[in-house]
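A short worksheet on the structure shown next.
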Amino acid sequence: MRLIGKEEVENIAIGAALLGTGGGGDPFVGKMMAFQAIEEQGPVELLDITEINDEDVIVPSAMMGAPTVLVEKIPSGDEALEAFHSLEDVLNKKIKATMPIEAGGVNSLLPVALAASTGLPIVDGDGMGRAFPELQMVTFYLNGVSTTPMVLADEKGNSAVLNMVNGEWAEKIARAATMEMGGSVMNAIYPMNGRQVKDASIYRTLTLEENIGRTIKEAKANQKNPIEEVLQLLGGFTLFSGKVIDIERQTDGGFVRGTATIEGLDQHKGDNGYLEFQNENLIVKTDHDVLCMTPDLICVLDTETALPMTTEGLRYGARVTVIGIPADEKWRTEKGVEVAGPRYFGYDYDFTPVETLHERQGE
Amino acid sequence: MTFRLGIDVGGTNTDGVLLDREMNVVHSLKTPTTDDVETGIYQTINQLITDAHVDADNIDFAMLGTTQCTNAIVERKHLNKVAIIRIGAPAGTAIKPLAGVPDDLKAILGNYTYMVEGGHEYNGDEISPLNEGKIRLIAEELKGNVDSIAVTSIFSPVSKRHETRTEEILRDVLGDDISVSLSSEVGSMGLLERENATILNASIIDVAKRTAEGFEKALNTKGIDAKVFFCQNDGTLMSKHYTLKYPILTVACGPTNSLRGASFLSDNKDAIIVDVGGTTTDIGVLAKGFPRQSSLAVELGGVRTNFRMPDIHSIGLGGGTVIHLEGDQFTVGPDSVGHRIQEEALVFGGSTLTATDVAVALGKVTLGNPENVSHLDSELLGAIYQRMTDMVEESIDKIKTSADNMPVALVGGGNVLFPDDLHGASEVYKPENGGVANAIGSAISQISGEIEKIYAISPENREEILNNAKQLAINETIEAGADSEKVEIVDIENVPLAYLPGNATRVKIKAAGDLAL
């Protein structure tokens, strides 16, 4: 157990933007909420997964809906509390700790704010190790943890308890309810006991995010190349670097799908790179090869500053470096690839790990 | 004969220009900016009409662009005490107003912060009804304590009903002398950033008032009875009444006026403008004669805001940029001798190798004494010049929206440094009068109107929705004083919102037109 305060939160926010793989929303709102909660209630206890008891009830929490609504309709801070109380009533048990469901974007820090305002500890892990667009794309689901009972709560005091037959239904009903509740709600979801958390989580993601943030900051302070330092920390690869020359987006059932074309510079001169995304980055390829595919992480960094860029922020002329990071082993199983691999998103590829693709490139 | 007068008050110089009815430059000049602003403006006007032999009676329009408001915020000078009212509770309370605002500014603004029930959802429904009783109580409490109030309601870009009602109640209690800033007039989506921009706006009301009254006084003293307008940072004009309500919109009107002036002088409405100064070069894009706006959150005086700002890319390369030599290696800048170029550059007898010296040595420009640089190795000079050109070309490329070549206008004192042929440019212009492009930009400004809303857009209703939205923007423009015959749509932006079904799309449309004469 250790305590996390404002400085740790600051670093986590940078790491969260990177692990957001282009989506997940700006961590800014989560960061400011965590700041206020920590200022008022003090720092948050961060628990290593190995420190929790098998019978403890742990409930992840997240925002659901549009990050663009969240930045306008800032939460009251009581939504997640409300959701937790409703869920405790349903489970008839006390919740011992919370945790993020996703390590990327805004959702990595909202549970920190919740932990600070409730005094609950937060578990150092999550269910994605990155950001993904759909509720069932979590390692909890891969391990057979039920999505429901889940609770959606808004700032008006409404909370809705959902009991669904599977994750797909939970996704469908929860999204419709989210719209009616104003486009952005907090949820309490995938309630687990300690044993399930140990089996089904990706470990130490908050610490990893904090390390990413610190690495980028320190590299800049010491005039080192922050991208190189981050790759070393994450065991990742530079996939492509160049300049965005075209960007095409269309909406499709609440998702923004699109392709960015990147004209190669330096060692990639003469080649074009293509980045395909659906809220998050999913595939990156050239005219001849696929360089990295989901569920492995594809992050687009500003070549100059190493700051992560979102798919919404991409535009013509941006100088970018695309990096690939191996996903957690849990995602590389048959089930993991079925749930969040290239075919699920409609790409006709067999999942191949980024390090294998990278090796082939070298040949 | 009718004339229009354009004035641009910068930190160093007050520039002035007189245009005739056909928009020809009759006369232009620069005088030093004075501490009280008014004197400098008066001197500029006085000299302009004397030199040009123009009768004061014949000046029908007078436009002022100024950095006074920006400077006040950055230097924390003469700011108002501000009461902050956020409407939207129970939403919004997890991050209090002024979170992340620097402490020195917080101390000046005072400690009058309120969160009140009300606000709207993204679709225009109410989060909760506006708590009018509480607004009334707040108004009573503020009596005599502040003279400026910032009001921000959740989703006011979609529905500003609660903001306007709040203003009515505040006026009912506090009268018309109190200044009320509404966020829906200041910024776009993003509650915290828009609220911050509204607070900054409320803090510079008095500064704007002094500047506007100074301008009018200078005109009156000279016997000029003109319609007075103030420049916004989007290249269009505001009345005095509106300026005193929303002075924040004048921030960064200087670079905007430079861009628009350059576009006018080079007769290009879609162009990249490269403004080469002594220390930096600013690069911006004009689309249909207006600067492209930055899509990112902008910091102003250490405060995160989101009100519109021209998208300007600055690089550390200008006429006075120092070239550092080490054997046959070199670096360009980023330091500069700035306004000391007349003493420090080699061609002027100084001892520092500058970007200007490189251009002179290569025969690109005739300036000072070329003998002073004749000893330099021409191959090395060629490489340095190439690097300088590369820097500008790369910035041009970064700011473009597509791979197509675009016309490029080079303005500013250092524009002669660069070649007439740039990569990415379809043509390169170096217009005359480029030195007072900012004052010209203020004189030629138009009137505009803008709307921003979230719509549910489907392929079937798309055209109808966009047409309605366009008409709303056109109506706003005519209401603001534009000639109804000469209004056109200058910008359409529709961005689908991720993670929401129903194709919710944010639509932003802007129209502009010439002044109704």
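How things are named: the first chain in the structure tokens is A, the next is B, and so on; residues count from 1 in each chain; ligands count from 1 in the order shown.
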Output as a Markdown table one row per residue of region 246-312 of chain A within 8 Å of region 350-356 of chain A: the closest atom pair and its distance in Å to one decimal place, counting only C-alpha atoms, sorted by chain and residue number ascending.
| residue | atom | partner | partner_atom | distance |
| --- | --- | --- | --- | --- |
| A:Leu291 | CA | A:Val354 | CA | 6.8 |
| A:Cys292 | CA | A:Val354 | CA | 5.1 |
| A:Met293 | CA | A:Phe351 | CA | 6.8 |
| A:Thr294 | CA | A:Phe351 | CA | 7.6 |
| A:Asp296 | CA | A:Val354 | CA | 6.8 |
Q: Could you give me, as a ChimeraX atom specification, the residues within 7 Å of Met406 (chain B), counting only C-alpha atoms and dropping anything in the same chain fewer than 2 positions from it?
A: /B:271-272,404,408,424-426
Q: Provide as a list in words the residues of chain A at most 7 Å from chain B, counting only C-alpha atoms.
A: Met32, Met33, Gln36, Gly65, Ala66, Thr68, Val69, Val71, Glu72, Lys73, Ile74, Pro75, Ser76, Gly77, Glu155, Lys156, Gly182, Ile245, Thr251, Gly253, Gly254, Phe255, Val256, Asn279, Tyr316, Gly317 and Ala318 of chain A
If you count only C-alpha atoms, which residues fall within 10 Å of Ile101 (chain A), apart from same-chain ones fewer than 3 positions away, as an mmCIF file with C-alpha atoms, in the first residue's frame?
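Below you can see out.cif, which holds the result:
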data_model
loop_
_atom_site.group_PDB
_atom_site.id
_atom_site.type_symbol
_atom_site.label_atom_id
_atom_site.label_comp_id
_atom_site.auth_asym_id
_atom_site.auth_seq_id
_atom_site.Cartn_x
_atom_site.Cartn_y
_atom_site.Cartn_z
ATOM 1 C CA VAL A 59 -16.093 -2.696 -7.826
ATOM 2 C CA PRO A 60 -14.585 -0.886 -10.806
ATOM 3 C CA SER A 61 -16.119 2.396 -11.852
ATOM 4 C CA ALA A 62 -16.006 4.485 -14.993
ATOM 5 C CA MET A 63 -17.823 7.156 -16.938
ATOM 6 C CA THR A 98 -12.614 0.476 -6.337
ATOM 7 C CA GLY A 104 -6.619 4.927 -20.930
ATOM 8 C CA ASN A 107 -11.513 6.713 -17.022
ATOM 9 C CA SER A 108 -8.172 6.078 -15.401
ATOM 10 C CA PRO A 111 -11.908 6.197 -9.859
ATOM 11 C CA GLY A 125 -4.796 -2.543 -11.899
ATOM 12 C CA ASP A 126 -7.546 -2.373 -14.485
ATOM 13 C CA GLY A 127 -9.462 -4.417 -17.026
ATOM 14 C CA MET A 128 -7.894 -3.214 -20.261
ATOM 15 C CA GLY A 129 -4.346 -1.958 -19.834
ATOM 16 C CA ARG A 130 -5.388 0.574 -22.480
ATOM 17 C CA ALA A 131 -8.683 2.052 -23.772
ATOM 18 C CA LEU A 135 -18.123 -2.504 -22.271
ATOM 19 C CA MET A 137 -13.800 -5.443 -24.074
ATOM 20 C CA VAL A 138 -12.336 -6.024 -20.657
ATOM 21 C CA THR A 139 -10.243 -8.820 -19.252
ATOM 22 C CA PHE A 140 -12.910 -9.289 -16.562
ATOM 23 C CA ALA A 188 -20.355 0.757 -11.072
ATOM 24 C CA ILE A 189 -19.737 -2.365 -13.068
ATOM 25 C CA TYR A 190 -18.219 -5.881 -13.023
ATOM 26 C CA SER A 201 -7.070 -7.976 -13.935
ATOM 27 C CA ILE A 202 -4.154 -6.398 -15.661
#
Q) Mind checking DSSP for region 313-435 of chain B and telling me the strand (DSSP E or B) residues as a VMD selection string? A) chain B and resid 313 to 315 321 to 326 329 to 336 345 352 354 406 to 411 425 to 429
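Compared by their closest atoms to Pro255 (chain B), and using only C-alpha atoms, the residues B:Ala202, B:Leu130, B:Val411, B:Leu376 rank with B:Val411 nearest.
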**Q.** One-decimal distance in Å that lies between CA of Gly414 (chain B) and CA of Gly318 (chain B)
**A.** 6.5 Å
Q | Exercise: Val185 (chain A) partners within 6 Å, only C-alpha atoms, chain neighbours under 3 positions left out, as a ChimeraX atom specification | A | /A:63-64,153-154
Generate the output file for the selected residues, C-alpha atoms, as a compact mmCIF listing (two decimals), in the first residue's frame.
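For reference, part-v4.txt as written:
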# COMPACT_ATOMS: atom_id res chain seq x y z
CA MET A 63 -17.82 7.16 -16.94
CA MET A 64 -19.96 6.03 -19.80
CA ALA A 153 -25.96 7.02 -12.00
CA ASP A 154 -26.39 10.63 -13.09
Q: Tell me which protein, DNA and RNA residues are within 7 Å of region 26-34 of chain B, counting only C-alpha atoms, leaving out same-chain ones fewer than 4 positions away, and put them as number ranges by chain.
A: B: 9-20, 39-40, 44, 48, 52
(Q) So that I can see what lies close to region 205-213 of chain B, please list as a ChimeraX atom specification the residues with an atom at most 7 Å from it, counting only C-alpha atoms and leaving out residues fewer than 3 positions away in the same chain. (A) /B:69,78,80,201-202,216-217,244-245,247
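Put simply, CA of Ile273 (chain B) is 28.9 Å away from CA of Glu75 (chain B).
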(Q) Taking 5 positions as the minimum chain separation for residues in the same chain, which residues sit within 10 Å of Leu91 (chain A) when counting only C-alpha atoms? Answer as a PyMOL selection string. (A) chain A and resi 57+85-86+149+191
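Going from CA of Thr166 (chain B) over to CA of Leu200 (chain B), you cover 19.0 Å.
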Q. Nearest to Lys93 (chain A): which of A:Glu312, A:Leu265, A:Leu46, A:Asn193 is it, counting only C-alpha atoms?
A. A:Asn193
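Residue nearest Glu304 (chain A), chosen from A:Pro100, A:Gly242, A:Gly157, A:Gly119 and counting only C-alpha atoms: A:Gly242.
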Q: If you run DSSP over the backbone, which residues in region 40-238 of chain A end up helix (DSSP H, G or I)? Put them as JSON, numbers by chain.
A: {"A": [40, 41, 49, 50, 51, 67, 68, 69, 70, 79, 80, 81, 82, 83, 84, 85, 86, 87, 88, 89, 90, 91, 105, 106, 107, 108, 110, 111, 112, 113, 114, 115, 116, 117, 118, 139, 140, 141, 142, 167, 168, 169, 170, 171, 172, 173, 174, 175, 176, 177, 178, 179, 180, 194, 195, 196, 197, 198, 199, 200, 205, 206, 207, 208, 209, 210, 211, 212, 213, 214, 215, 216, 217, 218, 219, 220, 221, 226, 227, 228, 229, 230, 231, 232, 233, 234]}
